[in-house]
Structures are given as structure tokens and as C-alpha cells.
$ cat target-v8.tsv   # TSV, C-alpha atoms
chain	number	residue	atom	x	y	z
A	207	MET	CA	-32.09	-1.03	134.88
A	208	ASN	CA	-28.72	0.57	134.41
A	209	LEU	CA	-27.09	2.60	131.67
A	210	LEU	CA	-26.24	-0.34	129.45
A	211	GLU	CA	-29.78	-1.67	129.33
A	212	TYR	CA	-31.12	1.79	128.53
A	213	SER	CA	-28.56	2.03	125.75
A	214	LEU	CA	-29.85	-1.25	124.26
A	215	ILE	CA	-33.36	0.26	124.21
A	216	PHE	CA	-31.97	3.40	122.57
A	217	MET	CA	-30.34	1.30	119.84
A	218	VAL	CA	-33.65	-0.45	119.16
A	219	ILE	CA	-35.26	2.98	118.75
A	220	SER	CA	-32.59	3.95	116.23
A	221	PHE	CA	-33.60	0.88	114.22
A	222	ILE	CA	-36.87	2.53	113.18
A	223	PRO	CA	-35.45	5.03	110.61
A	224	CYS	CA	-33.51	2.18	109.00
A	225	LEU	CA	-36.64	0.06	108.64
A	226	TYR	CA	-38.46	3.07	107.21
A	227	ARG	CA	-35.73	3.53	104.62
A	228	VAL	CA	-35.61	-0.18	103.77
A	229	ILE	CA	-39.37	-0.28	103.16
A	230	LYS	CA	-39.81	3.10	101.47
A	231	GLY	CA	-36.42	3.69	99.79
A	232	PRO	CA	-37.12	4.69	96.19
A	233	THR	CA	-34.16	2.85	94.66
A	234	ILE	CA	-32.17	-0.33	95.27
A	235	PRO	CA	-28.96	1.43	96.44
A	236	ASP	CA	-31.02	3.20	99.13
A	237	ARG	CA	-32.10	-0.14	100.52
A	238	VAL	CA	-28.57	-1.53	100.42
A	239	VAL	CA	-27.25	1.50	102.31
A	240	ALA	CA	-30.01	1.13	104.90
A	241	LEU	CA	-29.24	-2.58	105.38
A	242	ASP	CA	-25.54	-1.75	105.81
A	243	ALA	CA	-26.42	0.85	108.45
A	244	MET	CA	-28.68	-1.69	110.19
A	245	THR	CA	-25.71	-4.04	110.44
A	246	THR	CA	-23.71	-1.30	112.15
A	247	VAL	CA	-26.49	-0.92	114.72
A	248	ILE	CA	-26.62	-4.67	115.29
A	249	VAL	CA	-22.83	-4.79	115.77
A	250	VAL	CA	-23.07	-2.02	118.38
A	251	MET	CA	-25.91	-3.87	120.14
A	252	LEU	CA	-23.94	-7.11	120.17
A	253	GLY	CA	-20.95	-5.30	121.64
A	254	ILE	CA	-23.02	-3.86	124.49
A	255	TYR	CA	-24.83	-7.16	125.03
A	256	SER	CA	-21.51	-8.96	125.22
A	257	TYR	CA	-20.51	-6.68	128.07
A	258	VAL	CA	-23.88	-7.08	129.83
A	259	GLN	CA	-23.71	-10.89	129.64
A	260	GLU	CA	-19.94	-10.97	130.39
A	261	SER	CA	-19.44	-13.42	127.53
A	262	VAL	CA	-16.82	-13.12	124.79
A	263	PHE	CA	-18.79	-15.10	122.22
A	264	PHE	CA	-21.13	-12.25	121.29
A	265	MET	CA	-18.05	-10.21	120.31
A	266	ASP	CA	-17.09	-13.00	117.88
A	267	VAL	CA	-20.59	-12.80	116.42
A	268	ALA	CA	-20.15	-9.04	116.01
A	269	LEU	CA	-16.85	-9.49	114.17
A	270	VAL	CA	-18.29	-12.11	111.81
A	271	LEU	CA	-21.38	-9.97	111.17
A	272	ALA	CA	-19.20	-6.96	110.30
A	273	ILE	CA	-17.21	-9.08	107.82
A	274	ILE	CA	-20.35	-10.55	106.22
A	275	SER	CA	-21.95	-7.12	105.92
A	276	PHE	CA	-18.91	-5.74	104.11
A	277	VAL	CA	-18.72	-8.70	101.71
A	278	GLY	CA	-22.46	-8.57	101.05
A	279	THR	CA	-22.44	-4.84	100.28
A	280	VAL	CA	-19.51	-5.19	97.89
A	281	THR	CA	-21.20	-8.17	96.19
A	282	ILE	CA	-24.49	-6.33	95.64
A	283	ALA	CA	-22.60	-3.27	94.37
A	284	LYS	CA	-20.69	-5.39	91.87
A	285	TYR	CA	-23.90	-7.07	90.77
A	286	LEU	CA	-25.64	-3.73	90.22
A	287	ASP	CA	-22.60	-2.38	88.39
A	288	GLU	CA	-21.67	-5.20	86.02
A	289	GLY	CA	-24.55	-7.67	86.10
A	290	VAL	CA	-22.31	-10.51	87.29
A	291	VAL	CA	-20.72	-11.17	90.65
A	292	PHE	CA	-17.49	-12.95	89.73
B	200	MET	CA	-13.63	5.66	139.05
B	201	ALA	CA	-12.46	8.35	136.62
B	202	LEU	CA	-12.05	5.63	134.01
B	203	GLU	CA	-15.63	4.52	134.55
B	204	ILE	CA	-16.97	8.06	134.11
B	205	LEU	CA	-14.85	8.49	130.97
B	206	SER	CA	-16.05	5.20	129.48
B	207	ASN	CA	-19.69	6.06	130.21
B	208	ALA	CA	-19.25	9.45	128.55
B	209	VAL	CA	-17.70	7.86	125.46
B	210	LEU	CA	-20.53	5.30	125.40
B	211	ILE	CA	-23.24	7.97	125.48
B	212	LEU	CA	-21.44	9.98	122.79
B	213	GLY	CA	-21.19	6.90	120.57
B	214	LEU	CA	-24.86	5.96	121.02
B	215	PHE	CA	-25.86	9.53	120.21
B	216	PHE	CA	-23.76	9.49	117.04
B	217	VAL	CA	-25.21	6.16	115.88
B	218	PHE	CA	-28.71	7.53	116.46
B	219	LEU	CA	-27.84	10.66	114.45
B	220	ALA	CA	-26.54	8.50	111.60
B	221	MET	CA	-29.84	6.63	111.42
B	222	LEU	CA	-31.78	9.89	111.66
B	223	GLY	CA	-29.79	11.30	108.78
B	224	LEU	CA	-30.51	8.15	106.81
B	225	ALA	CA	-34.20	8.93	107.10
B	226	ARG	CA	-34.00	12.70	106.58
B	227	LEU	CA	-31.47	13.48	103.84
B	228	PRO	CA	-32.65	13.59	100.23
B	229	ASP	CA	-30.63	11.17	98.06
B	230	VAL	CA	-28.30	8.15	98.20
B	231	TYR	CA	-25.04	10.08	98.20
B	232	ASN	CA	-26.04	12.34	101.10
B	233	ARG	CA	-27.28	9.33	103.06
B	234	LEU	CA	-23.91	7.66	102.54
B	235	HIS	CA	-22.26	10.71	104.10
B	236	THR	CA	-24.06	10.13	107.38
B	237	THR	CA	-23.79	6.35	107.55
B	238	THR	CA	-20.08	6.24	106.73
B	239	LYS	CA	-18.85	9.15	108.81
B	240	ILE	CA	-21.10	9.32	111.85
B	241	GLY	CA	-21.94	5.61	111.96
B	242	THR	CA	-18.27	4.68	111.90
B	243	LEU	CA	-17.29	7.05	114.68
B	244	GLY	CA	-20.33	5.97	116.73
B	245	ALA	CA	-19.42	2.29	116.50
B	246	PHE	CA	-15.79	3.14	117.22
B	247	SER	CA	-16.75	5.10	120.36
B	248	VAL	CA	-18.96	2.32	121.73
B	249	MET	CA	-16.24	-0.28	121.21
B	250	LEU	CA	-13.66	2.06	122.75
B	251	SER	CA	-15.86	2.46	125.83
B	252	ILE	CA	-16.06	-1.33	126.18
B	253	LEU	CA	-12.26	-1.46	125.94
B	254	LEU	CA	-12.05	1.18	128.69
B	255	LYS	CA	-14.45	-0.82	130.86
B	256	VAL	CA	-12.78	-4.24	130.63
B	257	GLY	CA	-9.14	-3.42	129.83
B	258	PHE	CA	-7.00	-5.63	127.59
B	259	SER	CA	-8.89	-8.83	128.30
B	260	PRO	CA	-10.02	-10.95	125.30
B	261	MET	CA	-13.31	-9.04	125.16
B	262	GLY	CA	-11.63	-5.64	124.98
B	263	VAL	CA	-9.13	-6.72	122.34
B	264	LYS	CA	-11.89	-8.20	120.19
B	265	ALA	CA	-13.95	-5.02	120.60
B	266	ILE	CA	-11.11	-2.86	119.32
B	267	THR	CA	-10.61	-5.34	116.45
B	268	VAL	CA	-14.25	-4.89	115.41
B	269	ALA	CA	-13.87	-1.10	115.64
B	270	LEU	CA	-10.74	-1.02	113.48
B	271	PHE	CA	-12.34	-3.37	110.97
B	272	ILE	CA	-15.38	-1.10	110.60
B	273	LEU	CA	-13.09	1.94	110.30
B	274	ILE	CA	-11.16	0.33	107.42
B	275	THR	CA	-13.99	-1.29	105.46
B	276	SER	CA	-16.80	1.25	105.66
B	277	PRO	CA	-15.22	3.78	103.20
B	278	VAL	CA	-14.59	0.97	100.71
B	279	ALA	CA	-18.21	-0.20	100.90
B	280	ALA	CA	-19.43	3.39	100.51
B	281	HIS	CA	-17.26	3.92	97.44
B	282	MET	CA	-18.46	0.67	95.82
B	283	ILE	CA	-22.15	1.33	96.43
B	284	SER	CA	-22.01	4.98	95.33
B	285	ARG	CA	-20.24	4.09	92.08
B	286	ALA	CA	-22.73	1.30	91.43
B	287	ALA	CA	-25.61	3.70	92.14
B	288	HIS	CA	-24.27	6.29	89.71
B	289	ARG	CA	-23.76	3.73	86.94
B	290	HIS	CA	-27.15	2.16	87.68
B	291	GLY	CA	-28.74	5.51	86.86
B	292	VAL	CA	-29.64	6.95	90.27
B	293	GLY	CA	-29.61	10.70	89.77
B	294	LEU	CA	-28.62	13.39	92.22
B	295	CYS	CA	-31.25	15.22	94.23
B	296	ARG	CA	-32.83	18.44	93.01
B	297	GLU	CA	-30.69	20.71	95.19
B	298	SER	CA	-27.49	19.54	93.50
B	299	VAL	CA	-25.45	22.25	91.81
B	300	ILE	CA	-22.76	20.39	89.83
B	301	ASP	CA	-22.10	16.88	88.42
B	302	GLU	CA	-18.71	16.57	86.77
B	303	TYR	CA	-18.69	12.76	86.99
B	304	GLY	CA	-21.83	12.45	84.90
B	305	LYS	CA	-20.32	14.80	82.33
B	306	ALA	CA	-17.11	12.76	82.19
B	307	CYS	CA	-19.06	9.50	81.81
B	308	ASN	CA	-21.17	10.94	78.99
B	309	ALA	CA	-18.07	12.28	77.22
B	310	ALA	CA	-16.36	8.88	77.40
B	311	CYS	CA	-19.36	6.84	76.25
B	312	PRO	CA	-22.41	8.85	75.11
B	313	PRO	CA	-25.77	7.36	76.12
B	314	PRO	CA	-27.56	5.34	73.43
B	315	GLU	CA	-30.10	7.17	71.29
B	316	GLU	CA	-33.71	6.77	72.33
B	317	ASP	CA	-35.84	5.43	69.52
C	105	MET	CA	11.65	-13.64	101.18
C	106	LYS	CA	11.73	-10.26	102.93
C	107	ARG	CA	8.15	-9.71	101.84
C	108	TYR	CA	7.11	-13.04	103.34
C	109	ILE	CA	8.57	-11.99	106.70
C	110	ALA	CA	6.95	-8.54	106.64
C	111	TYR	CA	3.49	-9.79	105.66
C	112	SER	CA	3.75	-12.69	108.12
C	113	ALA	CA	4.41	-10.23	110.93
C	114	ILE	CA	1.33	-8.19	109.96
C	115	LEU	CA	-0.88	-11.29	109.68
C	116	ALA	CA	0.43	-12.60	113.01
C	117	LEU	CA	-0.56	-9.32	114.65
C	118	VAL	CA	-4.05	-9.63	113.12
C	119	TRP	CA	-4.24	-13.20	114.42
C	120	CYS	CA	-3.35	-12.01	117.94
C	121	PHE	CA	-6.09	-9.37	117.80
C	122	VAL	CA	-8.75	-11.75	116.47
C	123	HIS	CA	-7.84	-14.44	118.99
C	124	GLY	CA	-8.11	-11.95	121.82
C	125	THR	CA	-4.90	-12.62	123.73
C	126	ILE	CA	-1.77	-10.67	122.83
C	127	SER	CA	1.21	-12.77	123.92
C	128	VAL	CA	4.57	-13.86	122.51
C	129	ASN	CA	3.48	-17.48	122.12
C	130	ASN	CA	0.41	-16.48	120.16
C	131	PHE	CA	2.45	-14.15	117.94
C	132	ILE	CA	4.95	-16.92	117.10
C	133	LEU	CA	2.09	-19.32	116.30
C	134	GLY	CA	0.68	-16.73	113.88
C	135	LEU	CA	4.13	-16.20	112.37
C	136	ILE	CA	4.38	-19.94	111.65
C	137	ILE	CA	0.91	-20.24	110.10
C	138	ALA	CA	1.03	-17.02	108.03
C	139	PRO	CA	3.25	-18.16	105.08
C	140	PHE	CA	0.81	-20.99	104.33
C	141	ILE	CA	-1.94	-18.36	104.03
C	142	ILE	CA	0.14	-15.98	101.91
C	143	ARG	CA	1.32	-18.58	99.36
C	144	PRO	CA	-2.10	-19.44	97.77
C	145	PHE	CA	-3.12	-15.76	97.67
C	146	LYS	CA	0.20	-14.51	96.28
C	147	PHE	CA	-1.53	-12.68	93.42
C	148	LEU	CA	-3.21	-10.32	95.89
C	149	PHE	CA	0.09	-8.99	97.27
C	150	PRO	CA	2.38	-6.67	95.27
C	151	PHE	CA	5.33	-9.05	95.04
C	152	ASP	CA	6.83	-7.40	91.95
C	153	LEU	CA	7.75	-4.10	93.63
C	154	GLU	CA	10.96	-3.24	95.44
C	155	PHE	CA	10.83	-3.66	99.20
C	156	SER	CA	13.25	-2.96	102.05
C	157	PHE	CA	12.81	-2.93	105.80
C	158	GLY	CA	14.69	0.38	106.06
C	159	ASN	CA	12.16	2.29	104.01
C	160	ALA	CA	9.24	0.66	105.82
C	161	ILE	CA	10.64	1.70	109.21
C	162	LYS	CA	11.52	5.21	108.00
C	163	LYS	CA	7.86	5.80	107.10
C	164	ILE	CA	6.53	5.07	110.60
C	165	PRO	CA	6.82	8.65	112.00
C	166	ALA	CA	5.02	10.01	108.93
C	167	GLN	CA	2.29	7.40	109.42
C	168	ILE	CA	1.80	8.35	113.07
C	169	LYS	CA	1.51	12.00	112.05
C	170	PHE	CA	-1.01	11.00	109.38
C	171	LEU	CA	-3.03	9.06	111.96
C	172	TYR	CA	-3.17	12.15	114.18
C	173	VAL	CA	-4.38	14.33	111.28
C	174	LEU	CA	-6.94	11.65	110.38
C	175	ILE	CA	-8.41	11.52	113.90
C	176	VAL	CA	-8.74	15.32	114.07
C	177	GLU	CA	-10.42	15.40	110.64
C	178	ILE	CA	-12.84	12.58	111.56
C	179	ILE	CA	-13.99	14.45	114.66
C	180	LYS	CA	-14.47	17.66	112.64
C	181	ALA	CA	-16.41	15.70	110.01
C	182	ASN	CA	-18.74	14.25	112.62
C	183	ILE	CA	-19.54	17.60	114.16
C	184	MET	CA	-20.24	19.08	110.73
C	185	VAL	CA	-22.53	16.29	109.51
C	186	ALA	CA	-24.28	16.13	112.90
C	187	LYS	CA	-25.08	19.84	112.59
C	188	ILE	CA	-26.55	19.26	109.12
C	189	VAL	CA	-28.69	16.34	110.32
C	190	LEU	CA	-30.00	18.27	113.32
C	191	GLN	CA	-31.10	21.31	111.30
C	192	PRO	CA	-34.88	21.75	111.42
C	193	LYS	CA	-34.98	22.24	107.65
C	194	ILE	CA	-32.34	20.57	105.53
C	195	ASP	CA	-30.57	23.15	103.38
C	196	ILE	CA	-27.63	21.67	101.44
C	197	LYS	CA	-26.12	22.16	98.01
C	198	PRO	CA	-24.43	18.86	97.10
C	199	GLY	CA	-22.60	18.02	93.90
C	200	ILE	CA	-19.88	15.88	92.34
C	201	ILE	CA	-16.49	17.51	91.84
C	202	ALA	CA	-13.42	16.36	89.89
C	203	VAL	CA	-10.26	16.58	91.99
C	204	PRO	CA	-6.85	16.06	90.29
C	205	ILE	CA	-4.39	14.15	92.50
C	206	ASP	CA	-0.63	13.61	92.46
C	207	SER	CA	-0.46	10.09	93.93
C	208	LYS	CA	0.78	7.50	91.47
C	209	THR	CA	0.90	4.13	93.27
C	210	ASP	CA	-2.16	2.03	93.98
C	211	ILE	CA	-1.70	2.09	97.74
C	212	GLY	CA	-1.34	5.88	97.73
C	213	ILE	CA	-4.58	6.29	95.77
C	214	THR	CA	-6.40	3.89	98.10
C	215	ALA	CA	-5.16	5.80	101.14
C	216	ILE	CA	-6.17	9.21	99.80
C	217	ALA	CA	-9.59	7.92	98.67
C	218	ASN	CA	-10.39	6.35	102.06
C	219	THR	CA	-9.16	9.46	103.85
C	220	ILE	CA	-11.37	11.70	101.70
C	221	THR	CA	-14.39	9.56	102.59
C	222	LEU	CA	-13.73	9.92	106.32
C	223	THR	CA	-13.08	13.68	106.29
C	224	PRO	CA	-15.60	16.55	106.41
C	225	GLY	CA	-18.26	16.76	103.76
C	226	THR	CA	-16.66	14.67	101.01
C	227	LEU	CA	-17.16	11.12	99.67
C	228	THR	CA	-15.09	9.43	96.98
C	229	ILE	CA	-17.15	8.01	94.13
C	230	ASP	CA	-14.71	6.91	91.44
C	231	VAL	CA	-11.21	7.28	90.07
C	232	SER	CA	-10.69	8.00	86.39
C	233	ASP	CA	-9.11	5.40	84.10
C	234	ASP	CA	-5.68	7.04	84.01
C	235	LYS	CA	-5.62	7.32	87.83
C	236	SER	CA	-5.15	11.10	87.82
C	237	ILE	CA	-8.62	12.39	88.78
C	238	LEU	CA	-10.79	11.48	91.75
C	239	TYR	CA	-14.52	12.16	91.54
C	240	VAL	CA	-15.67	13.41	94.94
C	241	HIS	CA	-19.22	14.00	96.15
C	242	ALA	CA	-19.25	17.07	98.37
C	243	ILE	CA	-22.13	17.99	100.63
C	244	ASP	CA	-21.44	21.70	100.03
C	245	ALA	CA	-20.35	22.08	96.41
C	246	THR	CA	-20.81	25.81	95.90
C	247	ASP	CA	-17.02	26.29	95.76
C	248	PRO	CA	-15.44	23.41	93.76
C	249	GLU	CA	-11.99	25.00	93.56
C	250	GLY	CA	-11.85	25.49	97.32
C	251	VAL	CA	-12.77	21.85	98.03
C	252	ALA	CA	-10.16	20.54	95.59
C	253	GLN	CA	-7.50	22.82	97.02
C	254	SER	CA	-8.26	21.87	100.61
C	255	ILE	CA	-8.02	18.16	99.73
C	256	ARG	CA	-4.68	18.64	97.97
C	257	GLU	CA	-3.13	20.81	100.67
C	258	ASP	CA	-4.53	19.39	103.89
C	259	LEU	CA	-4.68	15.65	103.19
C	260	GLU	CA	-2.65	14.57	100.21
C	261	LYS	CA	0.58	15.98	101.62
C	262	TYR	CA	0.36	13.60	104.59
C	263	THR	CA	-0.72	10.51	102.65
C	264	MET	CA	2.05	11.04	100.09
C	265	GLU	CA	4.59	11.17	102.90
C	266	ALA	CA	3.16	8.19	104.73
C	267	PHE	CA	2.41	5.69	101.97
C	268	GLU	CA	4.64	6.42	98.96

$ encode --input "target-v8.tsv" --output "C-alpha cells"
Amino acid sequence: MNLLEYSLIFMVISFIPCLYRVIKGPTIPDRVVALDAMTTVIVVMLGIYSYVQESVFFMDVALVLAIISFVGTVTIAKYLDEGVVF
Amino acid sequence: MALEILSNAVLILGLFFVFLAMLGLARLPDVYNRLHTTTKIGTLGAFSVMLSILLKVGFSPMGVKAITVALFILITSPVAAHMISRAAHRHGVGLCRESVIDEYGKACNAACPPPEED
Amino acid sequence: MKRYIAYSAILALVWCFVHGTISVNNFILGLIIAPFIIRPFKFLFPFDLEFSFGNAIKKIPAQIKFLYVLIVEIIKANIMVAKIVLQPKIDIKPGIIAVPIDSKTDIGITAIANTITLTPGTLTIDVSDDKSILYVHAIDATDPEGVAQSIREDLEKYTMEAFE
């Protein structure tokens, strides 16, 4: 076990408040914010895992996940705001 | 050697900030305060972790992609926060009880008064 | 035509970063592909405004100064919010404040709004219809005048110089 593997465990621990907020969150925007934060944690985990495995492909996955998270958040916000997406 | 110590320090700082962001998500009272933590601290935490990977591997493809991810998060996270907070306010999510002032709600009501309850 | 060259250079740089290798060959490949990407999405770019390379290069020192201010403000913001999260009992007085701004162009308003979100204790919520007032959620709203004044004096000066 070295520092990077401990840091992966630490990131998994920081998942728990997000899950709590996704399950309990009183309103829909709360849940969307929590899912967005979860994506940030997953991107950080993928970055560290990419370094642990010495493979570039996990960094591509992180980039694509960041893009999809942004588009998804904006789409849900538009849907809540106007009732239509496009 | 100094570079390794520096990158480890930045990594630990970034992990700590990401953890604080998630803790704030669970502790603070309403949507707008939660957005404060996830946009500010979460962004800097992700940026620090990616910067530490760049310090570890140098300008190889992995390091360049890591800094790309970090810059992308830095640019897009304020936009997402703005969109979701505006949608929340228009969807009717009120501010928490400790709030002292709401000039946006007043402006919205002045522009288009809420329909009469019958 | 000038706009095509400028945007192609930016997109080629993005292509180099996403591909992972920064080299001259890669940059030229991006420069060749970029106009075919810009042409179908022409409506997203402000093609109707004036543009000159001289002005764009003159703004670079102001932008570097703005970047420095932004980094300092982000670090201050993190320390402040981290302190609030780590308090044993959360004691905050949030609220939404109207902040009048001087920026007129779309890119200036975008820059000031994103900067406000990343700086201590404030979060942009909306801009009014006539683009003169920003609605800002502050985590400590006991002094609305002070928050508005600090935004105008500390941040907007730099974004106006850098992006307008």
C-alpha cells in the first residue's frame, strides 16, 4: 500500500456524504448538485487510477465523464426551468 | 526528489479539499450554500489532484490530458452552478431559514406577480 | 477571414491538449481541420463584431494579470469556505444581493459572472433582462453594500481591462 492507494480509499469515503444527499435531498436540485459533485469525485479517482495503472486511457474516460456531467447538469437545469430541453 | 515531495503535498491538499466539499454538501442547509462548496472547493480539489499528476509524470500524454481535464472543470463548473441555481430559484426552492435578504425574489415578483391562489 | 485564423489557432491548441502530444505537426493538423468545424457552427461565434489581431495581442498582459488575481482569489475563497464547513456548528447568514455592473458586452458579462462564482463567498444566480444587474448569492449577506462594492472594485476592474 502506498499513498496513491490510500488516496483512492479516501475518495471512496468521501462518496458517502454524496450518496446521503442523493437519497435524502429534499428537492430535485439538491440531488442534481449531489450527482454533479459525485462526478467530480469519480473524475479525481480516475485520474489517480490512471497514474497507478500507468495507462493513458483512464484519463480519456475522465475527460469524457467531465464533459457528459456538464452537459447533463445543464440539460436537467433547462428542463426544470422551462419544461422542455431544446 | 523535491518535485516528488511537492507533488505529494499538492495531492494530499487536493484530496482534503475534495473531502471537505463533500462534507459541506452534507452539512450546509440549502441548495445555494451547497453549491458554494461544490463549485469552489471541489474545483480547486480536482485541479490540485490533476496538477500533482502533471508534476509526477511531466509533459507526457498523461500529464497533458490531466491538465486538460483540470482546465475543463475550472471553466465549466461555474456555468453549471449558475444554471442549476437559477433553475432551482424558478422551480420554487426557497432559501434556508437563516437567510437575511432576497432581492432576486423581489425582482421576479415585481416583474411577474405570482398567480392568485383560489 | 481573420476570425477564421484566430479561432482555428485556438481550436488547434485545444486539439493538441486533448490529443496529449504538443508538437508542431499536431498543431498544423489541428489548424487544417479547424475551419471545417467552425463553418457549420458559425452561429455560435460572434462573427458580426469588429476584430483585429493588434487588439487581441494588446490584451494579453491584462489577461495574465487577471489570471494572477483570479488564482489568489480562488485560494482565499477555498480557505474561507473550508473554515465554514469545518465549524462545529454552522452559523451563516446567506442572502441574494443585486449588484449593478458596468460591463456591456456578452463576453465581459460571462467573465465577470464566472469570476464571481469562483471568488470568496459569492455565487452568480442570474443576470437581469437589460444586462445591468447581476443577482449574487452571498454566504455572508449582512452587508450588501460592502459585497457589491468589493465586487466592483476588486474584480470588475480587471475583467473590464482583460475582456472588453

$ interface_residues --input "target-v8.tsv" --of "chain A" --to "chain B" --cutoff "6 Å" --atoms "all atoms listed in the file" --output "PyMOL selection string"
chain A and resi 220+223+235-236+250+262+269+280+283+286-287

$ write_last_selection --input "target-v8.tsv" --atoms "C-alpha atoms" --output "CSV table (one decimal), in the coordinates of the input"
chain,number,residue,atom,x,y,z
A,220,SER,CA,-32.6,4.0,116.2
A,223,PRO,CA,-35.4,5.0,110.6
A,235,PRO,CA,-29.0,1.4,96.4
A,236,ASP,CA,-31.0,3.2,99.1
A,250,VAL,CA,-23.1,-2.0,118.4
A,262,VAL,CA,-16.8,-13.1,124.8
A,269,LEU,CA,-16.8,-9.5,114.2
A,280,VAL,CA,-19.5,-5.2,97.9
A,283,ALA,CA,-22.6,-3.3,94.4
A,286,LEU,CA,-25.6,-3.7,90.2
A,287,ASP,CA,-22.6,-2.4,88.4

$ closest_residue --input "target-v8.tsv" --among "C:Val185, C:His123, C:Val203, C:Val118" --to "chain A" --atoms "all atoms listed in the file"
C:His123

$ interface_residues --input "target-v8.tsv" --of "chain A" --to "chain C" --cutoff "12 Å" --atoms "all atoms listed in the file" --output "list in words"
Val262, Phe263, Met265, Asp266, Val267, Ala268, Leu269 and Val270 of chain A

$ interface_residues --input "target-v8.tsv" --of "chain C" --to "chain B" --cutoff "7 Å" --atoms "only C-alpha atoms" --output "list of chain:residue names"
C:Phe121, C:Val122, C:Gly124, C:Thr125, C:Asn182, C:Val185, C:Ala186, C:Val189, C:Lys197, C:Pro198, C:Gly199, C:Ile200, C:Ile201, C:Ala202, C:Asn218, C:Thr221, C:Leu222, C:Leu227, C:Thr228, C:Ile229, C:Asp230, C:Tyr239, C:Ile243, C:Ala245

$ atom_distance --input "target-v8.tsv" --atom1 "atom CA of Gly253 of chain A" --atom2 "atom CA of Thr281 of chain A"
25.6 Å

$ atom_distance --input "target-v8.tsv" --atom1 "atom CA of Asn208 of chain A" --atom2 "atom CA of Val258 of chain A"
10.1 Å

$ residues_around --input "target-v8.tsv" --residues "Arg237 of chain A" --least-positions-apart "3" --cutoff "10 Å" --atoms "all atoms listed in the file" --output "compact mmCIF listing (two decimals) with C-alpha atoms, keeping the file's coordinate frame"
# COMPACT_ATOMS: atom_id res chain seq x y z
CA CYS A 224 -33.51 2.18 109.00
CA LEU A 225 -36.64 0.06 108.64
CA TYR A 226 -38.46 3.07 107.21
CA ARG A 227 -35.73 3.53 104.62
CA VAL A 228 -35.61 -0.18 103.77
CA ILE A 229 -39.37 -0.28 103.16
CA LYS A 230 -39.81 3.10 101.47
CA GLY A 231 -36.42 3.69 99.79
CA PRO A 232 -37.12 4.69 96.19
CA THR A 233 -34.16 2.85 94.66
CA ILE A 234 -32.17 -0.33 95.27
CA ALA A 240 -30.01 1.13 104.90
CA LEU A 241 -29.24 -2.58 105.38
CA ASP A 242 -25.54 -1.75 105.81
CA ALA A 243 -26.42 0.85 108.45
CA VAL B 230 -28.30 8.15 98.20

$ residues_near_point --input "target-v8.tsv" --point "(-3.8, -16.1, 118.6)" --cutoff "6 Å" --atoms "only C-alpha atoms" --output "PyMOL selection string"
chain C and resi 119-120+123+130

$ atom_distance --input "target-v8.tsv" --atom1 "atom CA of Val247 of chain A" --atom2 "atom CA of Glu177 of chain C"
23.3 Å

$ build_atoms --input "target-v8.tsv" --residues "segment 192-203 of chain C" --atoms "N, CA and C atoms" --output "PDB file, in the coordinates of the input"
ATOM      1  N   PRO C 192     -33.433  21.999 111.564  1.00  0.00           N
ATOM      2  CA  PRO C 192     -34.880  21.750 111.420  1.00  0.00           C
ATOM      3  C   PRO C 192     -35.288  21.606 109.965  1.00  0.00           C
ATOM      4  N   LYS C 193     -34.668  22.400 109.071  1.00  0.00           N
ATOM      5  CA  LYS C 193     -34.980  22.240 107.650  1.00  0.00           C
ATOM      6  C   LYS C 193     -33.662  22.020 106.917  1.00  0.00           C
ATOM      7  N   ILE C 194     -33.613  20.936 106.143  1.00  0.00           N
ATOM      8  CA  ILE C 194     -32.340  20.570 105.530  1.00  0.00           C
ATOM      9  C   ILE C 194     -32.055  21.493 104.355  1.00  0.00           C
ATOM     10  N   ASP C 195     -30.905  22.184 104.416  1.00  0.00           N
ATOM     11  CA  ASP C 195     -30.570  23.150 103.380  1.00  0.00           C
ATOM     12  C   ASP C 195     -29.139  22.865 102.935  1.00  0.00           C
ATOM     13  N   ILE C 196     -28.971  22.033 101.884  1.00  0.00           N
ATOM     14  CA  ILE C 196     -27.630  21.670 101.440  1.00  0.00           C
ATOM     15  C   ILE C 196     -27.557  21.857  99.934  1.00  0.00           C
ATOM     16  N   LYS C 197     -26.344  22.040  99.445  1.00  0.00           N
ATOM     17  CA  LYS C 197     -26.120  22.160  98.010  1.00  0.00           C
ATOM     18  C   LYS C 197     -25.062  21.156  97.582  1.00  0.00           C
ATOM     19  N   PRO C 198     -25.442  19.872  97.432  1.00  0.00           N
ATOM     20  CA  PRO C 198     -24.430  18.860  97.100  1.00  0.00           C
ATOM     21  C   PRO C 198     -24.069  18.865  95.624  1.00  0.00           C
ATOM     22  N   GLY C 199     -23.022  18.124  95.285  1.00  0.00           N
ATOM     23  CA  GLY C 199     -22.600  18.020  93.900  1.00  0.00           C
ATOM     24  C   GLY C 199     -21.366  17.154  93.788  1.00  0.00           C
ATOM     25  N   ILE C 200     -21.041  16.726  92.563  1.00  0.00           N
ATOM     26  CA  ILE C 200     -19.880  15.880  92.340  1.00  0.00           C
ATOM     27  C   ILE C 200     -18.787  16.710  91.677  1.00  0.00           C
ATOM     28  N   ILE C 201     -17.588  16.654  92.253  1.00  0.00           N
ATOM     29  CA  ILE C 201     -16.490  17.510  91.840  1.00  0.00           C
ATOM     30  C   ILE C 201     -15.338  16.624  91.362  1.00  0.00           C
ATOM     31  N   ALA C 202     -14.616  17.066  90.327  1.00  0.00           N
ATOM     32  CA  ALA C 202     -13.420  16.360  89.890  1.00  0.00           C
ATOM     33  C   ALA C 202     -12.215  16.966  90.579  1.00  0.00           C
ATOM     34  N   VAL C 203     -11.421  16.106  91.253  1.00  0.00           N
ATOM     35  CA  VAL C 203     -10.260  16.580  91.990  1.00  0.00           C
ATOM     36  C   VAL C 203      -9.013  15.929  91.398  1.00  0.00           C
TER      37      VAL C 203
END
